[in-house]
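K.L.:
The following block contains the structure, expressed as structure tokens.
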Amino acid sequence: MEYCMRQLEIENQLRDVVSRIIVQVELATSQGRTDINLALEDAFIPILKSVYNLPHLINLNRKQKNYPGIDLGDDHDRVAFQVTSTTTLDKVKSTVRQFMERAYYNTFDELFILMLSRKQTSYSQAALNGLLGDQFAFNCKKHIIDLSDLLGLVSKLRLAAQERVLAEFRHILGEVDAYISFSTEGVAAPLAITSNLQQLQLPQAVYVAELTIDDKAVIEQAKAKLGYKGKAKSRKSVVRMALRLNEVATDAWICHDNKLFSFQDIERCGLISVVDPGSVERLAVSDLADSPELDNVNILKQLLSAEVRERLKQHHVSMHQKDGFFFFGPTAEGQQERKATWIGKKTAIRRVYGVKYQRKDPSKVAHHQHLSFELTFAKLGDAWYVQIVPGWFYSYNGYVRSKWHDELLSQQKRLVHNLTVRNMVRFVAYFLSDMNASTEEDGTLRFLSLVNFDLRQSEDEDDFGDDADAGTEAAEGTAA
């Protein structure tokens, strides 16, 4: 029993430290400091040695200064790694191209690309096959990895090995913090650093109650009344069915350990229909936010995500079911374009959704283009923040990913520079903070200002490519 508890504790600590590394690396890269990988090459060697059983793994850049194309290698077991904070397909293609042109396949049988930020959901294997010859094989799903993939491999190690890896990850987190601190101190005054962290005001209370639903009965009723087919994939899906059967549509809740959690007062809303009314408790949000138990902190993070998802749904911003990012959609059936007004120093307009038609046959839709963004919640010091990572989503019908998504995304990113990304972050931050106006109740979740905001850059821009409308650009200003 003690061993199992220790195992669970180590797994929770690993998840926490890795998530913090990802947040910090993405913060650094969003500020244009993409050379953070150079500071971390050596730090990952002990972890990769353990996970991949590569006792002879070394930093190749120490063997030859700026070893072109790859960073780490074990020429005994013939495995090489590129460590990067850039996650684009172009970066992958560039690495593979150099690997082939320099005939590294004579020394290494496998090449892994380790991404320090969260990798894209998919990469075009066809785009890489054109760079590969018969001498070498590279599989996108296997050989492109990020820290979450690494964490999954660590979980398969023995407990003692996991504890050693945990210590190494903590060392890496210290390296990242030191790098960001050093880089920030090295910026000449009076320049300011713009982050993609938006401060939050947490709700005052969390409500929790015991679930009382009969899973089998709910599924049978859902089949009869809702036309549901198949088996429930999770307890969450069963709870959602139970709420739908009671005509409760909100998703601003989570379930954990047969309990339902929500920022809404359970006794005063439809959630009461699936719980024991006598078990409802009101907790101070600090009971979760400041808890030493990672499970409690994770409950709060999940609840924040659920609350934001529900609010954004009311503003025609959907969450992608599989990958968890948010994307803007039309506000009405048949809408061809959606623009959103926001305020910097001036009022500005940004296109957030549009239907694109085929050039050869203008009567046919080529794809739908959506401004998208990922949100990650984290506590830094005594305050809570949401990290904003903007992007684009390409669908074929307004919801489902287009088969040309990766190619379209790669084309779009070639138009992007640091100011573009920064302005996208500002817009999303404004959009989130503007939702405060629709929630007048005291003690609710509120989005505040971006951290370390720079007020001196020039103009905003429409980031949907070369078809931007003239006259919709606006001067830089405060985003929240």
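Going by the structure tokens order, chains are called A, B, ..., each with residues numbered from 1, while ligands are numbered from 1 in the order shown.
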Which of region 205-258 of chain A counts as helix (DSSP H, G or I) under DSSP, as a ChimeraX atom specification please?
P.N.:
/A:215-225,235-245
K.L.:
Using N, CA and C atoms, can you write the selected residues to a file as a compact mmCIF listing (two decimals), in the first residue's frame?
P.N.:
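So the final result, stored in again-v2.txt, reads:
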```
# COMPACT_ATOMS: atom_id res chain seq x y z
N ASP A 215 -25.55 4.56 -13.35
CA ASP A 215 -24.96 4.64 -14.69
C ASP A 215 -25.72 3.81 -15.72
N LYS A 216 -26.04 2.56 -15.37
CA LYS A 216 -26.73 1.69 -16.33
C LYS A 216 -28.10 2.24 -16.69
N ALA A 217 -28.82 2.73 -15.69
CA ALA A 217 -30.15 3.27 -15.93
C ALA A 217 -30.07 4.52 -16.80
N VAL A 218 -29.06 5.36 -16.56
CA VAL A 218 -28.90 6.59 -17.35
C VAL A 218 -28.64 6.24 -18.81
N ILE A 219 -27.76 5.27 -19.05
CA ILE A 219 -27.42 4.89 -20.42
C ILE A 219 -28.65 4.35 -21.15
N GLU A 220 -29.45 3.54 -20.46
CA GLU A 220 -30.66 2.98 -21.07
C GLU A 220 -31.66 4.09 -21.41
N GLN A 221 -31.82 5.04 -20.50
CA GLN A 221 -32.73 6.16 -20.76
C GLN A 221 -32.21 7.03 -21.91
N ALA A 222 -30.88 7.20 -21.97
CA ALA A 222 -30.29 8.00 -23.04
C ALA A 222 -30.51 7.35 -24.40
N LYS A 223 -30.46 6.02 -24.44
CA LYS A 223 -30.72 5.31 -25.69
C LYS A 223 -32.17 5.49 -26.11
N ALA A 224 -33.07 5.46 -25.13
CA ALA A 224 -34.49 5.54 -25.44
C ALA A 224 -34.94 6.96 -25.76
N LYS A 225 -34.42 7.96 -25.02
CA LYS A 225 -34.92 9.33 -25.16
C LYS A 225 -34.03 10.26 -25.97
N ARG A 235 -17.11 8.19 -17.07
CA ARG A 235 -18.13 8.60 -16.11
C ARG A 235 -18.64 10.00 -16.45
N LYS A 236 -17.76 10.84 -16.94
CA LYS A 236 -18.15 12.19 -17.31
C LYS A 236 -19.25 12.17 -18.36
N SER A 237 -19.13 11.28 -19.35
CA SER A 237 -20.14 11.21 -20.40
C SER A 237 -21.48 10.74 -19.84
N VAL A 238 -21.44 9.86 -18.83
CA VAL A 238 -22.69 9.40 -18.21
C VAL A 238 -23.35 10.55 -17.44
N VAL A 239 -22.55 11.32 -16.70
CA VAL A 239 -23.10 12.47 -15.97
C VAL A 239 -23.70 13.47 -16.95
N ARG A 240 -23.02 13.68 -18.07
CA ARG A 240 -23.55 14.62 -19.06
C ARG A 240 -24.89 14.12 -19.61
N MET A 241 -25.00 12.80 -19.86
CA MET A 241 -26.28 12.23 -20.31
C MET A 241 -27.37 12.47 -19.27
N ALA A 242 -27.02 12.23 -18.00
CA ALA A 242 -28.01 12.41 -16.93
C ALA A 242 -28.51 13.84 -16.89
N LEU A 243 -27.60 14.79 -17.08
CA LEU A 243 -28.00 16.20 -17.08
C LEU A 243 -28.88 16.51 -18.29
N ARG A 244 -28.52 15.97 -19.46
CA ARG A 244 -29.33 16.22 -20.65
C ARG A 244 -30.74 15.65 -20.47
N LEU A 245 -30.83 14.48 -19.83
CA LEU A 245 -32.14 13.89 -19.58
C LEU A 245 -32.99 14.78 -18.68
```
K.L.:
Can you check which residues of region 121-341 of chain A DSSP gives as strand (DSSP E or B) on the backbone and send them as a ChimeraX atom specification?
P.N.:
/A:144-146,197-201,205-211,254-256,259-262,275,281-284,317-319,326-328,337-341
K.L.:
Looking at only C-alpha atoms, which of A:Leu27, A:Ile144, A:Leu40, A:Val355 is the one that sits closest to Val451 (chain A)?
P.N.:
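Under the stated criterion, the closest residue is A:Leu27.
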K.L.:
Calculated over only C-alpha atoms, which of the candidates A:Gln98, A:Gln125, A:Thr376, A:Ser402 has the smallest distance to Ala137 (chain A)?
P.N.:
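Smallest separation from Ala137 (chain A) among the options: A:Gln125.
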K.L.:
By how many Å are CA of His367 (chain A) and CA of His320 (chain A) apart?
P.N.:
16.6 Å
K.L.:
If you take only C-alpha atoms and a cut-off of 8 Å, which residues of region 293-345 of chain A touch region 248-252 of chain A, and what are their nearest atom pairs and distances in Å to one decimal, in chain and number order, as a Markdown table?
P.N.:
```
| residue | atom | partner | partner_atom | distance |
| --- | --- | --- | --- | --- |
| A:Leu303 | CA | A:Ala252 | CA | 7.3 |
| A:Ala306 | CA | A:Ala252 | CA | 4.9 |
| A:Glu307 | CA | A:Ala252 | CA | 4.6 |
| A:Val308 | CA | A:Ala252 | CA | 7.8 |
| A:Arg309 | CA | A:Ala252 | CA | 7.4 |
| A:Glu310 | CA | A:Ala252 | CA | 5.6 |
```
K.L.:
May I ask for the distance between CA of Asn12 (chain A) and CA of Leu294 (chain A), given in Å to one decimal place?
P.N.:
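Taking CA of Asn12 (chain A) and CA of Leu294 (chain A), their separation equals 6.4 Å.
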K.L.:
For each of A:Phe447, A:Tyr52, A:Phe169, A:Trp342, take the minimum atom-to-atom distance to Tyr385 (chain A), counting only C-alpha atoms, then give the residue where this is smallest.
P.N.:
A:Phe447
K.L.:
One decimal, Å: what's the distance from CA of Val79 (chain A) over to CA of Asn61 (chain A), could you say?
P.N.:
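According to the coordinates, CA of Val79 (chain A) and CA of Asn61 (chain A) are separated by 15.2 Å.
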K.L.:
So, with only C-alpha atoms as the atoms that count, which of A:Val18, A:Ala205, A:Ala127, A:Leu72 lies closest to Glu407 (chain A)?
P.N.:
A:Ala127
K.L.:
For each of A:Gly69, A:Ser50, A:Leu375, A:Ala383, take the minimum atom-to-atom distance to Glu163 (chain A), counting only C-alpha atoms, then give the residue where this is smallest.
P.N.:
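Nearest to Glu163 (chain A): A:Ser50.
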K.L.:
Would you pick out the contacts of Gln204 (chain A) at 10 Å or less, using only C-alpha atoms, so that residues sharing its chain but fewer than 6 positions from it are not included, and give the list as number ranges by chain?
P.N.:
A: 263, 282-286, 442-445
K.L.:
Nearest residue to Arg20 (chain A) out of A:Ser195, A:Gln387, A:Ser410, A:Ser395, using only C-alpha atoms?
P.N.:
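Among the listed residues, A:Gln387 lies closest to Arg20 (chain A).
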K.L.:
Identify, on the basis of only C-alpha atoms, every residue whose closest approach to Ile145 (chain A) does not exceed 12 Å; exclude the query and any residue fewer than 4 positions from it along the same chain; express the result as a PyMOL selection string.
P.N.:
chain A and resi 48+81-85+87+92+111-123+139-141+149-153
K.L.:
Convert the current residue selection to file output with N, CA, C and O atoms, as a CSV table (one decimal), in the first residue's frame.
P.N.:
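Heads up, here's the output in part33.csv:
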```csv
chain,number,residue,atom,x,y,z
A,48,LEU,N,16.9,11.1,-21.2
A,48,LEU,CA,16.9,10.4,-22.5
A,48,LEU,C,17.7,9.1,-22.3
A,48,LEU,O,17.3,8.0,-22.9
A,81,PHE,N,19.2,12.8,-31.6
A,81,PHE,CA,18.1,13.6,-31.2
A,81,PHE,C,18.3,15.1,-31.6
A,81,PHE,O,19.5,15.5,-31.6
A,82,GLN,N,17.3,15.7,-32.1
A,82,GLN,CA,17.3,17.2,-32.3
A,82,GLN,C,16.4,17.7,-31.2
A,82,GLN,O,15.2,17.3,-31.0
A,83,VAL,N,16.9,18.7,-30.4
A,83,VAL,CA,16.1,19.3,-29.3
A,83,VAL,C,15.7,20.7,-29.8
A,83,VAL,O,16.6,21.5,-30.1
A,84,THR,N,14.4,21.0,-29.8
A,84,THR,CA,14.0,22.3,-30.4
A,84,THR,C,12.8,22.8,-29.6
A,84,THR,O,12.0,22.0,-29.1
A,85,SER,N,12.6,24.1,-29.6
A,85,SER,CA,11.4,24.7,-29.1
A,85,SER,C,10.4,25.1,-30.2
A,85,SER,O,9.4,25.7,-29.9
A,87,THR,N,7.9,24.0,-33.2
A,87,THR,CA,7.1,22.9,-33.4
A,87,THR,C,6.5,22.8,-34.8
A,87,THR,O,5.6,21.9,-35.0
A,92,VAL,N,10.6,20.4,-38.8
A,92,VAL,CA,10.8,19.0,-38.9
A,92,VAL,C,11.5,18.7,-40.3
A,92,VAL,O,12.4,17.9,-40.4
A,111,LEU,N,16.3,8.9,-35.8
A,111,LEU,CA,16.4,10.3,-35.4
A,111,LEU,C,15.1,10.7,-34.7
A,111,LEU,O,14.0,10.5,-35.2
A,112,PHE,N,15.2,11.2,-33.5
A,112,PHE,CA,14.0,11.7,-32.8
A,112,PHE,C,14.1,13.2,-32.7
A,112,PHE,O,15.2,13.8,-32.5
A,113,ILE,N,13.0,13.9,-32.9
A,113,ILE,CA,12.9,15.3,-32.7
A,113,ILE,C,12.1,15.6,-31.5
A,113,ILE,O,10.9,15.3,-31.4
A,114,LEU,N,12.8,16.1,-30.4
A,114,LEU,CA,12.2,16.4,-29.1
A,114,LEU,C,11.8,17.8,-29.1
A,114,LEU,O,12.7,18.7,-29.1
A,115,MET,N,10.5,18.1,-29.0
A,115,MET,CA,10.0,19.4,-29.0
A,115,MET,C,9.7,19.8,-27.5
A,115,MET,O,9.0,19.1,-26.8
A,116,LEU,N,10.3,21.0,-27.1
A,116,LEU,CA,10.1,21.4,-25.7
A,116,LEU,C,8.8,22.1,-25.5
A,116,LEU,O,8.3,22.2,-24.4
A,117,SER,N,8.1,22.6,-26.6
A,117,SER,CA,6.7,23.1,-26.5
A,117,SER,C,5.8,21.9,-27.0
A,117,SER,O,6.3,20.9,-27.5
A,118,ARG,N,4.5,22.1,-26.8
A,118,ARG,CA,3.6,21.1,-27.2
A,118,ARG,C,3.6,20.9,-28.7
A,118,ARG,O,3.4,21.9,-29.4
A,119,LYS,N,3.8,19.7,-29.2
A,119,LYS,CA,3.9,19.5,-30.7
A,119,LYS,C,2.5,19.7,-31.3
A,119,LYS,O,1.5,19.7,-30.6
A,120,GLN,N,2.4,19.9,-32.6
A,120,GLN,CA,1.2,19.9,-33.3
A,120,GLN,C,0.4,18.6,-33.2
A,120,GLN,O,1.0,17.6,-32.9
A,121,THR,N,-0.9,18.6,-33.4
A,121,THR,CA,-1.6,17.4,-33.3
A,121,THR,C,-1.3,16.4,-34.3
A,121,THR,O,-1.4,15.2,-34.1
A,122,SER,N,-0.8,16.8,-35.5
A,122,SER,CA,-0.3,15.9,-36.5
A,122,SER,C,0.7,16.6,-37.4
A,122,SER,O,0.7,17.8,-37.5
A,123,TYR,N,1.4,15.8,-38.1
A,123,TYR,CA,2.4,16.2,-39.1
A,123,TYR,C,2.3,15.4,-40.4
A,123,TYR,O,1.9,14.2,-40.3
A,139,ASN,N,9.3,8.1,-39.0
A,139,ASN,CA,7.9,8.0,-38.8
A,139,ASN,C,7.4,9.2,-37.9
A,139,ASN,O,7.8,9.3,-36.7
A,140,CYS,N,6.6,10.1,-38.4
A,140,CYS,CA,6.1,11.2,-37.6
A,140,CYS,C,5.5,10.9,-36.3
A,140,CYS,O,5.8,11.5,-35.3
A,141,LYS,N,4.7,9.9,-36.3
A,141,LYS,CA,4.0,9.5,-35.0
A,141,LYS,C,5.0,9.0,-34.0
A,141,LYS,O,4.8,9.1,-32.8
A,149,ASP,N,5.0,13.1,-24.3
A,149,ASP,CA,5.4,11.8,-24.8
A,149,ASP,C,6.5,11.3,-23.9
A,149,ASP,O,6.4,10.1,-23.5
A,150,LEU,N,7.4,12.1,-23.5
A,150,LEU,CA,8.5,11.7,-22.7
A,150,LEU,C,8.0,11.3,-21.3
A,150,LEU,O,8.4,10.3,-20.7
A,151,LEU,N,7.0,12.0,-20.8
A,151,LEU,CA,6.4,11.7,-19.5
A,151,LEU,C,5.7,10.3,-19.6
A,151,LEU,O,5.8,9.5,-18.6
A,152,GLY,N,5.1,10.0,-20.7
A,152,GLY,CA,4.5,8.7,-20.8
A,152,GLY,C,5.5,7.5,-20.8
A,152,GLY,O,5.2,6.5,-20.2
A,153,LEU,N,6.7,7.8,-21.4
A,153,LEU,CA,7.7,6.8,-21.3
A,153,LEU,C,8.3,6.6,-20.0
A,153,LEU,O,8.7,5.5,-19.5
```
K.L.:
List the neighbours of Asn196 (chain A) out to 9 Å using only C-alpha atoms; skip same-chain residues closer than 3 positions along the sequence, and give me the result as a JSON list (two decimals) with N, CA, C and O atoms, in the first residue's frame.
P.N.:
```
[["chain", "number", "residue", "atom", "x", "y", "z"],
["A", 26, "GLU", "N", 7.07, 27.70, -23.39],
["A", 26, "GLU", "CA", 6.18, 28.38, -24.33],
["A", 26, "GLU", "C", 6.14, 29.88, -24.06],
["A", 26, "GLU", "O", 6.01, 30.68, -25.00],
["A", 27, "LEU", "N", 6.28, 30.26, -22.80],
["A", 27, "LEU", "CA", 6.38, 31.68, -22.47],
["A", 27, "LEU", "C", 7.62, 32.28, -23.12],
["A", 27, "LEU", "O", 7.57, 33.36, -23.72],
["A", 30, "SER", "N", 7.25, 32.44, -26.95],
["A", 30, "SER", "CA", 6.29, 33.47, -27.37],
["A", 30, "SER", "C", 6.92, 34.85, -27.33],
["A", 30, "SER", "O", 6.46, 35.78, -28.01],
["A", 31, "GLN", "N", 7.98, 35.01, -26.54],
["A", 31, "GLN", "CA", 8.69, 36.28, -26.45],
["A", 31, "GLN", "C", 9.85, 36.35, -27.44],
["A", 31, "GLN", "O", 10.64, 37.27, -27.42],
["A", 386, "VAL", "N", -3.69, 32.45, -16.80],
["A", 386, "VAL", "CA", -3.99, 31.59, -17.94],
["A", 386, "VAL", "C", -2.97, 31.92, -19.02],
["A", 386, "VAL", "O", -2.70, 33.10, -19.30],
["A", 387, "GLN", "N", -2.36, 30.89, -19.56],
["A", 387, "GLN", "CA", -1.41, 31.08, -20.66],
["A", 387, "GLN", "C", -2.15, 30.97, -21.98],
["A", 387, "GLN", "O", -2.88, 30.01, -22.21],
["A", 388, "ILE", "N", -1.96, 31.95, -22.85],
["A", 388, "ILE", "CA", -2.64, 32.00, -24.14],
["A", 388, "ILE", "C", -1.65, 31.64, -25.25],
["A", 388, "ILE", "O", -0.62, 32.28, -25.40],
["A", 389, "VAL", "N", -1.98, 30.60, -26.01],
["A", 389, "VAL", "CA", -1.17, 30.22, -27.17],
["A", 389, "VAL", "C", -2.06, 30.28, -28.41],
["A", 389, "VAL", "O", -2.90, 29.41, -28.62],
["A", 422, "ARG", "N", 2.16, 38.31, -31.00],
["A", 422, "ARG", "CA", 1.92, 39.15, -29.83],
["A", 422, "ARG", "C", 0.55, 39.84, -29.93],
["A", 422, "ARG", "O", -0.20, 39.91, -28.96],
["A", 425, "VAL", "N", -2.22, 37.39, -29.24],
["A", 425, "VAL", "CA", -2.36, 37.18, -27.79],
["A", 425, "VAL", "C", -3.14, 38.33, -27.18],
["A", 425, "VAL", "O", -4.05, 38.13, -26.36],
["A", 426, "ARG", "N", -2.82, 39.56, -27.58],
["A", 426, "ARG", "CA", -3.52, 40.74, -27.04],
["A", 426, "ARG", "C", -5.01, 40.68, -27.35],
["A", 426, "ARG", "O", -5.85, 41.00, -26.51],
["A", 429, "ALA", "N", -6.70, 37.98, -25.23],
["A", 429, "ALA", "CA", -6.78, 38.46, -23.85],
["A", 429, "ALA", "C", -7.92, 39.48, -23.70],
["A", 429, "ALA", "O", -8.66, 39.46, -22.71],
["A", 450, "LEU", "N", -2.88, 41.32, -19.08],
["A", 450, "LEU", "CA", -1.68, 40.58, -19.45],
["A", 450, "LEU", "C", -0.51, 41.02, -18.58],
["A", 450, "LEU", "O", -0.47, 42.16, -18.11],
["A", 451, "VAL", "N", 0.43, 40.14, -18.39],
["A", 451, "VAL", "CA", 1.58, 40.42, -17.54],
["A", 451, "VAL", "C", 2.67, 41.11, -18.35],
["A", 451, "VAL", "O", 2.94, 40.73, -19.49]]
```
